[in-house]
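Visitor: Structure incoming, see below.
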Amino acid sequence: MTAPTIARTTATRPRPVRAIRARPAAWLVWGLVIFFFVNLAGVIGSVVVSSFGERWFDTWLPQGWTGRWYGEAWRDFGLLPVLVTTVEVSLSVVAISVLVGVPASYVLARRSFPGRRLLYLLFLLPILMPPITYGIPLATVLYKYGFAGHFSGVVLANLVPSVPFVILTMTPFIEQIDPAIERAARMCGAGTGRIFTRILAPLLVPGMLAASILVLVRTVGMFELTFLTAGPDSTTLVVALYNSMSAAGIRAQQSVDAMAVIYTGTMLVLLVLALRVVNPTQLVARVKEEPE
């Protein structure tokens with residue numbers, strides 16, 4: 001048998017299929033992931049089903065279906081003012097956080113001064129610490145000066161973790177912009193204000209949009225700080241949901257579940273919007289090593 005014949009025979013011979021054997025650790029990880037998502041789907045599904053059910057005691061499904069619980073939740077809990085307040089608080093926090101956080105991020109990204117790393121760490125503390133640990137002292141101060149219990153108190157309380165969040169998000173974006181662009185603009189006679197508004201601002205629009213969406217999601221879902229500083233006319237959706245569950249009186253569980261579905265749907269829309277706008281890999285950047 002010649003060499004070409006051997007080569008053709010070898011090429012046409014089917015290769016043995018190797019069995020894919022997963023390690024026990026991989027099966028364990030996949031099992032835990034599936035178990036988590038099954039439980040999560042069960043919890044969310046039970047709330048959604050209950051919000052549309054007439055009666056549901058000892059059966060797999062409710063005895064009847066209706067949508068009147070959403071109307072009762074909207075009317076009994078006054079959801080329209082609550083939603084308007086939630087939007088106003090969230091947009092105010094986003095606007096102030098961006099106005100304060102972007103210039104602070106520019107200073108941290110472009111300037112080298114003693115204590116820069118320590119200052120950056122101090123900005124990160126409100127994000128790393130649980131909100132309840134500094135929420136009670138913060139609420140005490142706001143009540144002392146008359147801010148808590150009103151719209152301004154809720155906004156000020158939510159700014160404490162939101163401004164550092166903008167700084168954490170925007171600093172890598174600013175570091176990725178070549179400083180030579182700014183030097184060239186200065187050589188052409190542009191001042192600091194014009195450089196920031198005409199050159200840097202258009203380049204930072206994706207970063208500011210990402211930070212705004214993330215702060216918006218965080219503010220809508222922030223419970224501790226809002227609960228400690230909110231008043232009758234400054235209650236957001238998450239605090240109203242908690243009040244509906246813990247307040248005195250007899251309420252239909254389906255009505256509370258309907259309100260929970262409304263809150264979950266609002267958060268889901270914001271999260272989908274955030275994931276469409278924000279690339280999570282852009283939030284991870286290597287900080288440049290600069291001398292103190």
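Residues are named by chain letter and number: chains run A, B, ... in the order of the structure tokens, numbers start at 1 in each chain, and ligands are numbered from 1 in the order shown.
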Range 217-280 of chain A near range 80-84 of chain A within 12 Å: what's each residue's closest atom pair and its distance in Å to one decimal, counting only C-alpha atoms, ordered by chain then ascending residue number, as a Markdown table?
Guide:
| residue | atom | partner | partner_atom | distance |
| --- | --- | --- | --- | --- |
| A:Val220 | CA | A:Leu83 | CA | 10.1 |
| A:Ala230 | CA | A:Val82 | CA | 11.6 |
| A:Gly231 | CA | A:Val82 | CA | 11.6 |
| A:Pro232 | CA | A:Val82 | CA | 9.9 |
| A:Asp233 | CA | A:Pro81 | CA | 8.4 |
| A:Ser234 | CA | A:Val82 | CA | 7.9 |
| A:Thr235 | CA | A:Val82 | CA | 6.2 |
| A:Thr236 | CA | A:Val82 | CA | 5.5 |
| A:Leu237 | CA | A:Val82 | CA | 5.8 |
| A:Val238 | CA | A:Val82 | CA | 9.4 |
| A:Val239 | CA | A:Val82 | CA | 9.3 |
| A:Ala240 | CA | A:Val82 | CA | 7.4 |
| A:Leu241 | CA | A:Val82 | CA | 10.1 |
| A:Met259 | CA | A:Val82 | CA | 11.6 |
| A:Ile262 | CA | A:Leu83 | CA | 10.3 |
| A:Tyr263 | CA | A:Leu83 | CA | 9.7 |
| A:Thr266 | CA | A:Leu83 | CA | 9.9 |
Visitor: Can you pull out the residues contacting range 132-144 of chain A? Cut-off 6 Å, using only C-alpha atoms, and skip same-chain residues under 4 positions away; I want them as a PDB file with N, CA and C atoms, in the first residue's frame.
Guide:
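Ended up saving to selection20.pdb:
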ATOM      1  N   ALA A 148     -34.889  66.423  57.006  1.00  0.00           N
ATOM      2  CA  ALA A 148     -35.542  65.114  56.952  1.00  0.00           C
ATOM      3  C   ALA A 148     -37.049  65.277  57.082  1.00  0.00           C
ATOM      4  N   GLU A 224     -33.095  51.950  52.733  1.00  0.00           N
ATOM      5  CA  GLU A 224     -32.721  52.360  54.085  1.00  0.00           C
ATOM      6  C   GLU A 224     -32.690  53.876  54.233  1.00  0.00           C
ATOM      7  N   LEU A 225     -31.919  54.558  53.372  1.00  0.00           N
ATOM      8  CA  LEU A 225     -31.779  56.005  53.503  1.00  0.00           C
ATOM      9  C   LEU A 225     -33.091  56.722  53.236  1.00  0.00           C
ATOM     10  N   THR A 229     -35.492  59.006  56.111  1.00  0.00           N
ATOM     11  CA  THR A 229     -35.620  60.455  55.917  1.00  0.00           C
ATOM     12  C   THR A 229     -36.903  60.877  55.209  1.00  0.00           C
TER      13      THR A 229
END
Visitor: Please determine, counting only C-alpha atoms, which residue among A:Phe77, A:Phe35, A:Tyr106, A:Phe165 has the shortest atom-to-atom distance to Pro126 in chain A.
Guide: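 Of A:Phe77, A:Phe35, A:Tyr106, A:Phe165, the one nearest Pro126 in chain A is A:Phe165, counting only C-alpha atoms.
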Visitor: Give me, as JSON lines, the closest atom pair and its distance (Å, one decimal) for every residue of range 59-151 of chain A within a cut-off of 12 Å of range 179-194 of chain A, counting only C-alpha atoms, rows sorted by chain and rising number.
Guide:
{"residue": "A:Pro103", "atom": "CA", "partner": "A:Gly193", "partner_atom": "CA", "distance": 11.2}
{"residue": "A:Tyr106", "atom": "CA", "partner": "A:Pro179", "partner_atom": "CA", "distance": 11.3}
{"residue": "A:Ala109", "atom": "CA", "partner": "A:Pro179", "partner_atom": "CA", "distance": 10.3}
{"residue": "A:Arg110", "atom": "CA", "partner": "A:Pro179", "partner_atom": "CA", "distance": 8.2}
{"residue": "A:Arg111", "atom": "CA", "partner": "A:Pro179", "partner_atom": "CA", "distance": 11.3}
Visitor: Considering only C-alpha atoms, state which residue in the set A:Ala210, A:Ala260, A:Val155, A:Leu40 is at the smallest distance from Thr86 in chain A.
Guide: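 Smallest distance to Thr86 in chain A is found for A:Val155.
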Visitor: Give me, as a list in words, all polymer residues having an atom no more than 9 Å from Leu271 in chain A, counting only C-alpha atoms and skipping those fewer than 3 positions away in the same chain.
Guide: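 In the requested format, the answer is Ile213, Leu214, Val217, Thr266, Met267, Leu268, Ala274, Leu275 and Arg276 of chain A.
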Visitor: Only C-alpha atoms, please: the residues just picked out, written as a short mmCIF file (atom, residue, chain, number, x, y, z; two decimals), in the first residue's frame.
Guide:
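Once written, part-v3.cif looks like this:
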data_model
loop_
_atom_site.label_atom_id
_atom_site.label_comp_id
_atom_site.auth_asym_id
_atom_site.auth_seq_id
_atom_site.Cartn_x
_atom_site.Cartn_y
_atom_site.Cartn_z
CA ILE A 213 -28.62 55.08 34.56
CA LEU A 214 -26.85 53.21 37.35
CA VAL A 217 -31.53 52.28 39.37
CA THR A 266 -40.39 49.23 37.31
CA MET A 267 -37.01 47.94 38.44
CA LEU A 268 -36.92 45.42 35.59
CA ALA A 274 -29.20 50.04 32.03
CA LEU A 275 -27.91 46.83 30.42
CA ARG A 276 -28.69 48.16 26.94
#
Visitor: For Ser46 in chain A, please output as a list in words all residues within 12 Å (counting only C-alpha atoms; exclusion window: fewer than 5 positions along the same chain).
Guide: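 The neighbour list is Val38, Asn39, Leu40, Ala41, Ser51, Phe52, Gly53, Trp56, Trp60, Leu61, Pro62, Gln253, Gln254, Asp257, Ala258, Ala260 and Val261 of chain A.
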Visitor: At a cut-off of 12 Å, using only C-alpha atoms, what residues contact Leu128 in chain A? Leave out same-chain residues fewer than 6 positions from it and give the result as a PyMOL selection string.
Guide: chain A and resi 121-122+134+161+164-165+168
Visitor: Can you pull out every residue within 12 Å of Leu209 in chain A, counting only C-alpha atoms, but drop anything in the same chain fewer than 6 positions away, and send it as a ChimeraX atom specification?
Guide: /A:94-95,98,102,166,169-170,173,201-203,215-216,273-279
Visitor: Suppose you want the space between CA of Ser244 in chain A and CA of Gly149 in chain A; what is it in Å?
Guide: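 Taking CA of Ser244 in chain A as the start and CA of Gly149 in chain A as the end point, the length is 18.6 Å.
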Visitor: Could you find all residues in range 36-69 of chain A that DSSP calls alpha helix (DSSP H) from the backbone, and write them as a ChimeraX atom specification?
Guide: /A:36-51,68-69
